[in-house]
$ cat work.txt   # compact mmCIF, C-alpha atoms
# COMPACT_ATOMS: atom_id res chain seq x y z
CA MET A 203 -4.83 9.74 -14.69
CA LYS A 204 -3.11 6.58 -15.87
CA ILE A 205 -3.27 3.46 -13.71
CA VAL A 206 -1.38 0.17 -14.05
CA ALA A 207 -1.18 -2.67 -11.54
CA LYS A 208 0.14 -6.18 -11.16
CA THR A 209 0.37 -8.85 -8.48
CA ASP A 210 2.55 -11.99 -8.44
CA LYS A 211 3.14 -14.71 -5.87
CA GLY A 212 6.92 -14.41 -6.23
CA LYS A 213 9.38 -17.27 -6.34
CA ILE A 214 9.14 -18.64 -2.80
CA ARG A 215 5.53 -18.51 -1.58
CA GLU A 216 3.06 -21.22 -2.56
CA SER A 217 0.11 -18.82 -2.74
CA ASN A 218 -0.49 -15.11 -3.19
CA GLN A 219 -1.91 -13.45 -0.06
CA ASP A 220 -1.76 -9.95 -1.57
CA ALA A 221 -4.86 -8.28 -2.97
CA TYR A 222 -5.52 -4.96 -4.67
CA ALA A 223 -8.15 -2.92 -6.50
CA VAL A 224 -7.96 0.26 -8.57
CA GLY A 225 -10.45 2.49 -10.29
CA GLU A 226 -11.53 5.94 -11.43
CA LEU A 227 -14.09 8.31 -9.97
CA PRO A 228 -15.95 11.28 -11.49
CA GLY A 229 -13.76 14.27 -12.29
CA GLU A 230 -10.67 12.34 -13.42
CA VAL A 231 -9.99 11.07 -9.92
CA ALA A 232 -8.09 7.82 -9.37
CA TRP A 233 -8.14 5.49 -6.37
CA ALA A 234 -6.31 2.35 -5.31
CA VAL A 235 -6.02 -0.02 -2.37
CA VAL A 236 -3.28 -2.59 -1.72
CA CYS A 237 -3.32 -5.22 1.04
CA ASP A 238 -0.86 -7.89 2.19
CA GLY A 239 -2.57 -10.67 4.17
CA MET A 240 -1.17 -12.66 7.05
CA GLY A 241 -2.31 -15.51 9.25
CA GLY A 242 -1.75 -18.75 7.38
CA ALA A 243 -2.57 -19.67 3.81
CA ALA A 244 -6.35 -19.41 4.15
CA GLY A 245 -6.43 -16.57 6.66
CA GLY A 246 -4.09 -14.26 4.78
CA ASN A 247 -5.94 -14.68 1.51
CA ILE A 248 -9.30 -14.06 3.13
CA ALA A 249 -8.19 -11.06 5.17
CA SER A 250 -6.62 -9.18 2.25
CA ALA A 251 -9.45 -9.97 -0.19
CA LEU A 252 -12.14 -8.96 2.33
CA ALA A 253 -10.37 -5.74 3.27
CA VAL A 254 -9.91 -4.75 -0.37
CA LYS A 255 -13.60 -5.38 -1.10
CA VAL A 256 -14.88 -3.41 1.89
CA ILE A 257 -12.55 -0.46 1.26
CA SER A 258 -13.24 -0.41 -2.49
CA ASP A 259 -17.00 -0.51 -1.97
CA LYS A 260 -16.82 2.33 0.55
CA ILE A 261 -14.70 4.55 -1.69
CA THR A 262 -16.77 4.01 -4.83
CA SER A 263 -20.14 4.40 -3.11
CA CYS A 264 -19.35 7.39 -0.86
CA TYR A 265 -16.98 9.62 -2.84
CA ASN A 266 -18.36 12.74 -4.48
CA GLU A 267 -16.68 15.55 -6.40
CA LYS A 268 -17.56 18.24 -3.84
CA MET A 269 -15.68 16.57 -0.98
CA ARG A 270 -13.20 18.74 0.88
CA ASP A 271 -9.83 17.46 2.04
CA SER A 272 -11.21 16.67 5.49
CA SER A 273 -14.07 14.68 3.99
CA ILE A 274 -11.68 12.57 1.91
CA LYS A 275 -9.66 11.88 5.05
CA ASN A 276 -12.83 10.80 6.83
CA LEU A 277 -13.81 8.61 3.86
CA LEU A 278 -10.51 6.72 3.88
CA ASP A 279 -10.54 6.46 7.65
CA SER A 280 -14.08 5.09 7.72
CA ALA A 281 -13.31 2.67 4.87
CA ILE A 282 -10.34 1.13 6.68
CA THR A 283 -12.21 1.12 9.99
CA ALA A 284 -15.09 -0.76 8.33
CA ALA A 285 -12.63 -3.26 6.87
CA ASN A 286 -11.07 -3.74 10.29
CA ILE A 287 -14.43 -4.59 11.81
CA GLU A 288 -15.30 -7.04 9.02
CA VAL A 289 -11.98 -8.88 9.17
CA TYR A 290 -11.91 -8.96 12.96
CA ASP A 291 -15.47 -10.27 13.20
CA MET A 292 -14.83 -12.99 10.61
CA ALA A 293 -11.70 -14.14 12.43
CA ASP A 294 -13.54 -14.09 15.74
CA SER A 295 -16.36 -16.24 14.31
CA HIS A 296 -14.11 -18.92 12.76
CA SER A 297 -11.48 -20.54 14.94
CA GLU A 298 -9.39 -21.58 11.93
CA LEU A 299 -9.05 -17.90 10.97
CA ARG A 300 -8.07 -16.55 14.39
CA GLY A 301 -5.14 -14.14 14.17
CA MET A 302 -5.57 -13.30 10.50
CA GLY A 303 -5.07 -9.74 9.40
CA THR A 304 -3.72 -7.59 6.61
CA THR A 305 -1.69 -4.49 5.97
CA VAL A 306 -3.32 -1.75 3.94
CA VAL A 307 -2.27 1.27 1.94
CA CYS A 308 -4.91 3.14 -0.01
CA ALA A 309 -4.98 6.38 -1.97
CA ILE A 310 -7.23 8.85 -3.72
CA VAL A 311 -5.54 11.07 -6.32
CA ARG A 312 -7.39 14.25 -7.26
CA ASP A 313 -5.96 17.15 -9.26
CA ASP A 314 -2.49 17.78 -7.83
CA CYS A 315 -3.09 16.05 -4.50
CA VAL A 316 -2.54 12.53 -3.18
CA TYR A 317 -4.54 11.45 -0.13
CA ILE A 318 -2.95 8.43 1.58
CA ALA A 319 -4.13 6.23 4.46
CA HIS A 320 -2.26 3.18 5.71
CA ALA A 321 -1.61 0.67 8.46
CA GLY A 322 1.26 -1.82 8.42
CA ASP A 323 4.30 -1.96 6.18
CA SER A 324 2.82 -1.76 2.70
CA ARG A 325 4.20 1.47 1.28
CA ALA A 326 3.57 4.49 -0.92
CA TYR A 327 6.24 6.34 -2.90
CA ILE A 328 6.18 9.40 -5.11
CA ALA A 329 8.66 9.08 -7.96
CA GLY A 330 9.85 11.68 -10.42
CA LYS A 331 12.51 11.41 -13.10
CA GLU A 332 15.34 12.18 -10.68
CA ASP A 333 14.30 10.88 -7.28
CA VAL A 334 11.98 8.64 -5.28
CA LYS A 335 10.48 9.61 -1.93
CA GLN A 336 8.83 7.16 0.46
CA ILE A 337 5.73 8.96 1.77
CA THR A 338 4.51 6.37 4.28
CA THR A 339 6.28 5.24 7.43
CA ASP A 340 6.25 1.51 8.17
CA HIS A 341 4.33 0.42 11.24
CA SER A 342 6.89 -2.19 12.22
CA MET A 343 9.09 -3.22 15.12
CA VAL A 344 12.22 -2.34 13.17
CA GLN A 345 10.91 1.13 12.22
CA ASP A 346 10.23 1.76 15.91
CA LEU A 347 13.87 0.93 16.64
CA VAL A 348 14.98 3.36 13.92
CA ASP A 349 12.71 6.09 15.30
CA LYS A 350 14.20 5.61 18.78
CA GLY A 351 17.73 5.82 17.40
CA LYS A 352 18.62 2.25 18.44
CA ILE A 353 19.51 1.14 14.91
CA THR A 354 20.22 2.95 11.66
CA ALA A 355 18.04 2.87 8.56
CA GLU A 356 20.78 0.84 6.87
CA GLU A 357 20.77 -1.72 9.70
CA ALA A 358 16.98 -1.91 9.46
CA GLU A 359 17.18 -3.14 5.86
CA HIS A 360 18.66 -6.46 6.98
CA HIS A 361 17.29 -6.77 10.52
CA PRO A 362 16.00 -10.28 11.41
CA ASN A 363 12.73 -8.81 12.73
CA LYS A 364 12.15 -6.67 9.65
CA ASN A 365 8.77 -8.22 8.86
CA ILE A 366 7.18 -7.93 12.30
CA ILE A 367 4.47 -5.26 11.98
CA THR A 368 2.85 -3.28 14.78
CA ARG A 369 -0.45 -2.42 13.08
CA ALA A 370 -2.73 -4.43 10.84
CA VAL A 371 -6.36 -4.56 9.76
CA GLY A 372 -8.44 -7.14 11.63
CA VAL A 373 -6.07 -8.00 14.48
CA ASP A 374 -7.75 -5.86 17.15
CA LYS A 375 -11.21 -4.37 17.57
CA ARG A 376 -9.82 -0.92 16.87
CA ILE A 377 -7.14 0.22 14.46
CA GLU A 378 -4.95 3.30 14.36
CA ILE A 379 -4.67 4.71 10.85
CA ASP A 380 -2.13 7.20 9.51
CA PHE A 381 -3.35 9.78 6.98
CA ASP A 382 -1.34 12.25 4.89
CA GLN A 383 -1.67 14.56 1.92
CA PHE A 384 1.03 15.19 -0.65
CA ASP A 385 1.42 17.18 -3.84
CA LEU A 386 1.71 15.20 -7.07
CA SER A 387 3.27 17.17 -9.89
CA ASP A 388 3.05 16.53 -13.61
CA ASN A 389 5.40 13.71 -14.65
CA GLU A 390 5.39 12.25 -11.14
CA THR A 391 4.08 8.77 -10.32
CA LEU A 392 2.46 7.43 -7.17
CA ILE A 393 3.59 3.88 -6.38
CA LEU A 394 1.71 1.68 -3.91
CA CYS A 395 3.26 -1.68 -3.06
CA THR A 396 3.54 -4.55 -0.63
CA ASP A 397 6.80 -5.44 1.09
CA GLY A 398 7.45 -8.07 -1.56
CA LEU A 399 8.56 -5.15 -3.69
CA SER A 400 10.14 -2.87 -1.09
CA ASN A 401 12.21 -5.69 0.45
CA CYS A 402 13.61 -6.77 -2.92
CA VAL A 403 13.89 -3.56 -4.95
CA SER A 404 15.95 -0.56 -3.87
CA THR A 405 14.74 2.99 -4.49
CA SER A 406 17.53 3.45 -7.05
CA GLU A 407 16.32 0.35 -8.92
CA LEU A 408 12.73 1.60 -8.72
CA LEU A 409 13.78 4.91 -10.22
CA GLU A 410 15.71 3.16 -12.98
CA ASP A 411 12.62 1.17 -13.98
CA ILE A 412 10.29 4.18 -14.28
CA ARG A 413 12.61 7.00 -15.38
CA ASP A 414 11.66 6.73 -19.07
CA GLY A 415 8.04 7.65 -18.34
CA GLN A 416 6.53 4.65 -20.10
CA TYR A 417 3.92 4.26 -17.38
CA TYR A 418 2.17 1.26 -18.95
CA ALA A 419 5.27 -0.84 -18.25
CA PHE A 420 5.94 0.30 -14.67
CA ALA A 421 4.09 -2.46 -12.79
CA ASP A 422 5.42 -5.25 -15.02
CA ARG A 423 8.98 -4.00 -14.75
CA LEU A 424 8.94 -3.64 -10.97
CA VAL A 425 7.41 -7.08 -10.40
CA LYS A 426 9.98 -8.58 -12.75
CA ARG A 427 12.76 -6.75 -10.92
CA ALA A 428 11.58 -8.08 -7.53
CA ASN A 429 11.49 -11.62 -8.89
CA ASN A 430 14.92 -11.24 -10.45
CA ASN A 431 16.20 -10.10 -7.06
CA GLY A 432 14.90 -13.24 -5.35
CA GLY A 433 11.10 -12.96 -5.30
CA SER A 434 11.09 -13.79 -1.58
CA ASP A 435 7.46 -12.76 -1.02
CA ASN A 436 4.25 -11.97 -2.85
CA ILE A 437 4.66 -8.80 -4.91
CA THR A 438 2.00 -6.21 -5.68
CA VAL A 439 2.54 -2.88 -7.43
CA VAL A 440 0.08 -0.13 -8.37
CA ALA A 441 1.31 2.90 -10.30
CA ILE A 442 -0.78 6.04 -10.84
CA ALA A 443 0.77 8.58 -13.20
CA LYS A 444 -0.44 12.04 -14.10
$ encode --input "work.txt" --output "structure tokens"
Amino acid sequence: MKIVAKTDKGKIRESNQDAYAVGELPGEVAWAVVCDGMGGAAGGNIASALAVKVISDKITSCYNEKMRDSSIKNLLDSAITAANIEVYDMADSHSELRGMGTTVVCAIVRDDCVYIAHAGDSRAYIAGKEDVKQITTDHSMVQDLVDKGKITAEEAEHHPNKNIITRAVGVDKRIEIDFDQFDLSDNETLILCTDGLSNCVSTSELLEDIRDGQYYAFADRLVKRANNNGGSDNITVVAIAK
């Protein structure tokens, strides 16, 4: 597995409230977690950093090579649930942090399989040489409108409420987490990112930046592309290539 990652505050924000961590596990297994904090300058930074630490610690301490698919699902679920409790309790204990939270998308890549868990609008894509497929569904007000047929996907791209999310780590005592499994073929790349990338870079532009297979440049290129397209938010990209 080959892993590259980069985060950048973009061109508009004064601070970077994104956080991420990546690593490898026994048996040539890769993992990654990406979070996008919210709740004011201090709160957003704290929420994303705390969630990344809790989830990372859980994955690295509890994973073992004999885990079945269901056990990996339970591991990711328990890691995000633990992060939710930690962030919620910290916000509840400090009045200046009330309302803070963070999106999360995390993955374990083993053999030909990607295990994904997420809450919020940070995304995962699988990209080959010819196409890019979004494999997570945003937990957002606008996505709900799309699902109900009230607006089109094209209208959603420029909707004024595009950034209002319906799930986040640390906002409530309990969190609903989506989990999926996907095949990852040779020469395909898993991309995890915050909305600072997905709001500024189209899937066709994403494909253009990774088509040549030079994986070591993927994160740098995509962050640069988002900044060239306005850099309206913090940008974080993790790419895991087989």
$ closest_residue --input "work.txt" --among "A:Asp380, A:Asn218, A:Gly245, A:Gly432" --to "A:Asp294" --atoms "all atoms listed in the file"
A:Gly245
$ atom_distance --input "work.txt" --atom1 "atom CA of A:Ile367" --atom2 "atom CA of A:Ala244"
19.5 Å
$ residues_around --input "work.txt" --residues "stretch 330-339 of chain A" --least-positions-apart "2" --cutoff "7 Å" --atoms "all atoms listed in the file" --output "ChimeraX atom specification"
/A:325-328,341,389-391,405,409,413
$ residues_around --input "work.txt" --residues "A:Val439" --least-positions-apart "6" --cutoff "6 Å" --atoms "only C-alpha atoms" --output "JSON, numbers by chain"
{"A": [207, 208, 394, 395, 421]}
$ residues_near_point --input "work.txt" --point "(-10.4, 3.7, 11.8)" --cutoff "10 Å" --atoms "only C-alpha atoms" --output "mmCIF file with C-alpha atoms, in the coordinates of the input"
data_model
loop_
_atom_site.group_PDB
_atom_site.id
_atom_site.type_symbol
_atom_site.label_atom_id
_atom_site.label_comp_id
_atom_site.auth_asym_id
_atom_site.auth_seq_id
_atom_site.Cartn_x
_atom_site.Cartn_y
_atom_site.Cartn_z
ATOM 1 C CA ASN A 276 -12.830 10.800 6.830
ATOM 2 C CA LEU A 277 -13.810 8.610 3.860
ATOM 3 C CA LEU A 278 -10.510 6.720 3.880
ATOM 4 C CA ASP A 279 -10.540 6.460 7.650
ATOM 5 C CA SER A 280 -14.080 5.090 7.720
ATOM 6 C CA ALA A 281 -13.310 2.670 4.870
ATOM 7 C CA ILE A 282 -10.340 1.130 6.680
ATOM 8 C CA THR A 283 -12.210 1.120 9.990
ATOM 9 C CA ALA A 284 -15.090 -0.760 8.330
ATOM 10 C CA ALA A 285 -12.630 -3.260 6.870
ATOM 11 C CA ASN A 286 -11.070 -3.740 10.290
ATOM 12 C CA ILE A 287 -14.430 -4.590 11.810
ATOM 13 C CA ALA A 319 -4.130 6.230 4.460
ATOM 14 C CA ALA A 321 -1.610 0.670 8.460
ATOM 15 C CA VAL A 371 -6.360 -4.560 9.760
ATOM 16 C CA LYS A 375 -11.210 -4.370 17.570
ATOM 17 C CA ARG A 376 -9.820 -0.920 16.870
ATOM 18 C CA ILE A 377 -7.140 0.220 14.460
ATOM 19 C CA GLU A 378 -4.950 3.300 14.360
ATOM 20 C CA ILE A 379 -4.670 4.710 10.850
ATOM 21 C CA ASP A 380 -2.130 7.200 9.510
#
$ residues_around --input "work.txt" --residues "A:Leu252" --least-positions-apart "4" --cutoff "9 Å" --atoms "only C-alpha atoms" --output "JSON, numbers by chain"
{"A": [247, 248, 256, 257, 285, 288, 289]}
$ atom_distance --input "work.txt" --atom1 "atom CA of A:Ala223" --atom2 "atom CA of A:Ser406"
26.5 Å
$ residues_around --input "work.txt" --residues "A:Ser400" --least-positions-apart "3" --cutoff "9 Å" --atoms "only C-alpha atoms" --output "list in words"
Ser324, Arg325, Cys395, Thr396, Asp397, Val403, Ser404, Thr405, Ala428 and Ile437 of chain A
$ residues_around --input "work.txt" --residues "A:Phe381" --least-positions-apart "3" --cutoff "7 Å" --atoms "only C-alpha atoms" --output "list in words"
Lys275, Ile318, Ala319 and His320 of chain A
$ atom_distance --input "work.txt" --atom1 "atom CA of A:Val440" --atom2 "atom CA of A:Ser217"
19.5 Å
$ closest_residue --input "work.txt" --among "A:Leu392, A:Val344, A:Ala234, A:Ile261" --to "A:Ser273" --atoms "only C-alpha atoms"
A:Ile261
$ closest_residue --input "work.txt" --among "A:Pro228, A:Glu267, A:Lys426, A:Ala370" --to "A:Met240" --atoms "all atoms listed in the file"
A:Ala370
$ closest_residue --input "work.txt" --among "A:Ile205, A:Val236, A:Ile214, A:Val306" --to "A:Phe420" --atoms "all atoms listed in the file"
A:Ile205
$ closest_residue --input "work.txt" --among "A:Ile274, A:Met302, A:Cys315, A:Val307" --to "A:Gln383" --atoms "all atoms listed in the file"
A:Cys315
$ closest_residue --input "work.txt" --among "A:Met343, A:Leu299, A:Val316, A:Ala293" --to "A:Ile366" --atoms "all atoms listed in the file"
A:Met343
$ build_atoms --input "work.txt" --residues "stretch 340-363 of chain A" --atoms "N, CA, C and O atoms" --output "PDB file, in the frame of the given file"
ATOM      1  N   ASP A 340       6.641   2.874   7.786  1.00  0.00           N
ATOM      2  CA  ASP A 340       6.250   1.510   8.170  1.00  0.00           C
ATOM      3  C   ASP A 340       5.806   1.458   9.631  1.00  0.00           C
ATOM      4  O   ASP A 340       6.436   2.055  10.504  1.00  0.00           O
ATOM      5  N   HIS A 341       4.741   0.736   9.872  1.00  0.00           N
ATOM      6  CA  HIS A 341       4.330   0.420  11.240  1.00  0.00           C
ATOM      7  C   HIS A 341       4.922  -0.958  11.557  1.00  0.00           C
ATOM      8  O   HIS A 341       4.276  -1.983  11.383  1.00  0.00           O
ATOM      9  N   SER A 342       6.170  -0.945  11.994  1.00  0.00           N
ATOM     10  CA  SER A 342       6.890  -2.190  12.220  1.00  0.00           C
ATOM     11  C   SER A 342       7.806  -2.058  13.426  1.00  0.00           C
ATOM     12  O   SER A 342       8.173  -0.949  13.846  1.00  0.00           O
ATOM     13  N   MET A 343       8.193  -3.205  13.975  1.00  0.00           N
ATOM     14  CA  MET A 343       9.090  -3.220  15.120  1.00  0.00           C
ATOM     15  C   MET A 343      10.423  -2.570  14.762  1.00  0.00           C
ATOM     16  O   MET A 343      10.996  -1.803  15.548  1.00  0.00           O
ATOM     17  N   VAL A 344      10.927  -2.873  13.579  1.00  0.00           N
ATOM     18  CA  VAL A 344      12.220  -2.340  13.170  1.00  0.00           C
ATOM     19  C   VAL A 344      12.152  -0.820  12.967  1.00  0.00           C
ATOM     20  O   VAL A 344      13.069  -0.089  13.342  1.00  0.00           O
ATOM     21  N   GLN A 345      11.056  -0.320  12.388  1.00  0.00           N
ATOM     22  CA  GLN A 345      10.910   1.130  12.220  1.00  0.00           C
ATOM     23  C   GLN A 345      10.868   1.829  13.576  1.00  0.00           C
ATOM     24  O   GLN A 345      11.418   2.926  13.735  1.00  0.00           O
ATOM     25  N   ASP A 346      10.237   1.194  14.558  1.00  0.00           N
ATOM     26  CA  ASP A 346      10.230   1.760  15.910  1.00  0.00           C
ATOM     27  C   ASP A 346      11.646   1.890  16.457  1.00  0.00           C
ATOM     28  O   ASP A 346      11.990   2.880  17.112  1.00  0.00           O
ATOM     29  N   LEU A 347      12.474   0.889  16.188  1.00  0.00           N
ATOM     30  CA  LEU A 347      13.870   0.930  16.640  1.00  0.00           C
ATOM     31  C   LEU A 347      14.636   2.060  15.938  1.00  0.00           C
ATOM     32  O   LEU A 347      15.462   2.747  16.558  1.00  0.00           O
ATOM     33  N   VAL A 348      14.351   2.256  14.654  1.00  0.00           N
ATOM     34  CA  VAL A 348      14.980   3.360  13.920  1.00  0.00           C
ATOM     35  C   VAL A 348      14.540   4.697  14.505  1.00  0.00           C
ATOM     36  O   VAL A 348      15.363   5.600  14.741  1.00  0.00           O
ATOM     37  N   ASP A 349      13.241   4.838  14.764  1.00  0.00           N
ATOM     38  CA  ASP A 349      12.710   6.090  15.300  1.00  0.00           C
ATOM     39  C   ASP A 349      13.300   6.435  16.661  1.00  0.00           C
ATOM     40  O   ASP A 349      13.469   7.608  17.007  1.00  0.00           O
ATOM     41  N   LYS A 350      13.622   5.408  17.443  1.00  0.00           N
ATOM     42  CA  LYS A 350      14.200   5.610  18.780  1.00  0.00           C
ATOM     43  C   LYS A 350      15.711   5.760  18.750  1.00  0.00           C
ATOM     44  O   LYS A 350      16.349   5.943  19.790  1.00  0.00           O
ATOM     45  N   GLY A 351      16.297   5.651  17.548  1.00  0.00           N
ATOM     46  CA  GLY A 351      17.730   5.820  17.400  1.00  0.00           C
ATOM     47  C   GLY A 351      18.551   4.617  17.836  1.00  0.00           C
ATOM     48  O   GLY A 351      19.774   4.709  17.999  1.00  0.00           O
ATOM     49  N   LYS A 352      17.905   3.447  17.986  1.00  0.00           N
ATOM     50  CA  LYS A 352      18.620   2.250  18.440  1.00  0.00           C
ATOM     51  C   LYS A 352      19.334   1.525  17.301  1.00  0.00           C
ATOM     52  O   LYS A 352      20.296   0.796  17.543  1.00  0.00           O
ATOM     53  N   ILE A 353      18.826   1.681  16.086  1.00  0.00           N
ATOM     54  CA  ILE A 353      19.510   1.140  14.910  1.00  0.00           C
ATOM     55  C   ILE A 353      19.413   2.171  13.795  1.00  0.00           C
ATOM     56  O   ILE A 353      18.572   3.076  13.828  1.00  0.00           O
ATOM     57  N   THR A 354      20.257   2.043  12.803  1.00  0.00           N
ATOM     58  CA  THR A 354      20.220   2.950  11.660  1.00  0.00           C
ATOM     59  C   THR A 354      19.257   2.424  10.591  1.00  0.00           C
ATOM     60  O   THR A 354      18.868   1.246  10.607  1.00  0.00           O
ATOM     61  N   ALA A 355      18.904   3.295   9.666  1.00  0.00           N
ATOM     62  CA  ALA A 355      18.040   2.870   8.560  1.00  0.00           C
ATOM     63  C   ALA A 355      18.713   1.779   7.739  1.00  0.00           C
ATOM     64  O   ALA A 355      18.051   0.863   7.239  1.00  0.00           O
ATOM     65  N   GLU A 356      20.034   1.867   7.614  1.00  0.00           N
ATOM     66  CA  GLU A 356      20.780   0.840   6.870  1.00  0.00           C
ATOM     67  C   GLU A 356      20.718  -0.502   7.592  1.00  0.00           C
ATOM     68  O   GLU A 356      20.546  -1.556   6.966  1.00  0.00           O
ATOM     69  N   GLU A 357      20.859  -0.483   8.914  1.00  0.00           N
ATOM     70  CA  GLU A 357      20.770  -1.720   9.700  1.00  0.00           C
ATOM     71  C   GLU A 357      19.369  -2.311   9.628  1.00  0.00           C
ATOM     72  O   GLU A 357      19.191  -3.536   9.637  1.00  0.00           O
ATOM     73  N   ALA A 358      18.373  -1.446   9.519  1.00  0.00           N
ATOM     74  CA  ALA A 358      16.980  -1.910   9.460  1.00  0.00           C
ATOM     75  C   ALA A 358      16.714  -2.750   8.223  1.00  0.00           C
ATOM     76  O   ALA A 358      15.887  -3.673   8.241  1.00  0.00           O
ATOM     77  N   GLU A 359      17.409  -2.438   7.122  1.00  0.00           N
ATOM     78  CA  GLU A 359      17.180  -3.140   5.860  1.00  0.00           C
ATOM     79  C   GLU A 359      17.424  -4.638   5.976  1.00  0.00           C
ATOM     80  O   GLU A 359      16.813  -5.439   5.262  1.00  0.00           O
ATOM     81  N   HIS A 360      18.308  -5.042   6.873  1.00  0.00           N
ATOM     82  CA  HIS A 360      18.660  -6.460   6.980  1.00  0.00           C
ATOM     83  C   HIS A 360      18.414  -7.017   8.381  1.00  0.00           C
ATOM     84  O   HIS A 360      18.962  -8.046   8.752  1.00  0.00           O
ATOM     85  N   HIS A 361      17.566  -6.331   9.143  1.00  0.00           N
ATOM     86  CA  HIS A 361      17.290  -6.770  10.520  1.00  0.00           C
ATOM     87  C   HIS A 361      16.458  -8.053  10.502  1.00  0.00           C
ATOM     88  O   HIS A 361      15.539  -8.204   9.686  1.00  0.00           O
ATOM     89  N   PRO A 362      16.750  -9.008  11.408  1.00  0.00           N
ATOM     90  CA  PRO A 362      16.000 -10.280  11.410  1.00  0.00           C
ATOM     91  C   PRO A 362      14.514 -10.137  11.735  1.00  0.00           C
ATOM     92  O   PRO A 362      13.720 -11.001  11.378  1.00  0.00           O
ATOM     93  N   ASN A 363      14.138  -9.032  12.397  1.00  0.00           N
ATOM     94  CA  ASN A 363      12.730  -8.810  12.730  1.00  0.00           C
ATOM     95  C   ASN A 363      12.052  -7.823  11.782  1.00  0.00           C
ATOM     96  O   ASN A 363      11.019  -7.238  12.121  1.00  0.00           O
TER      97      ASN A 363
END
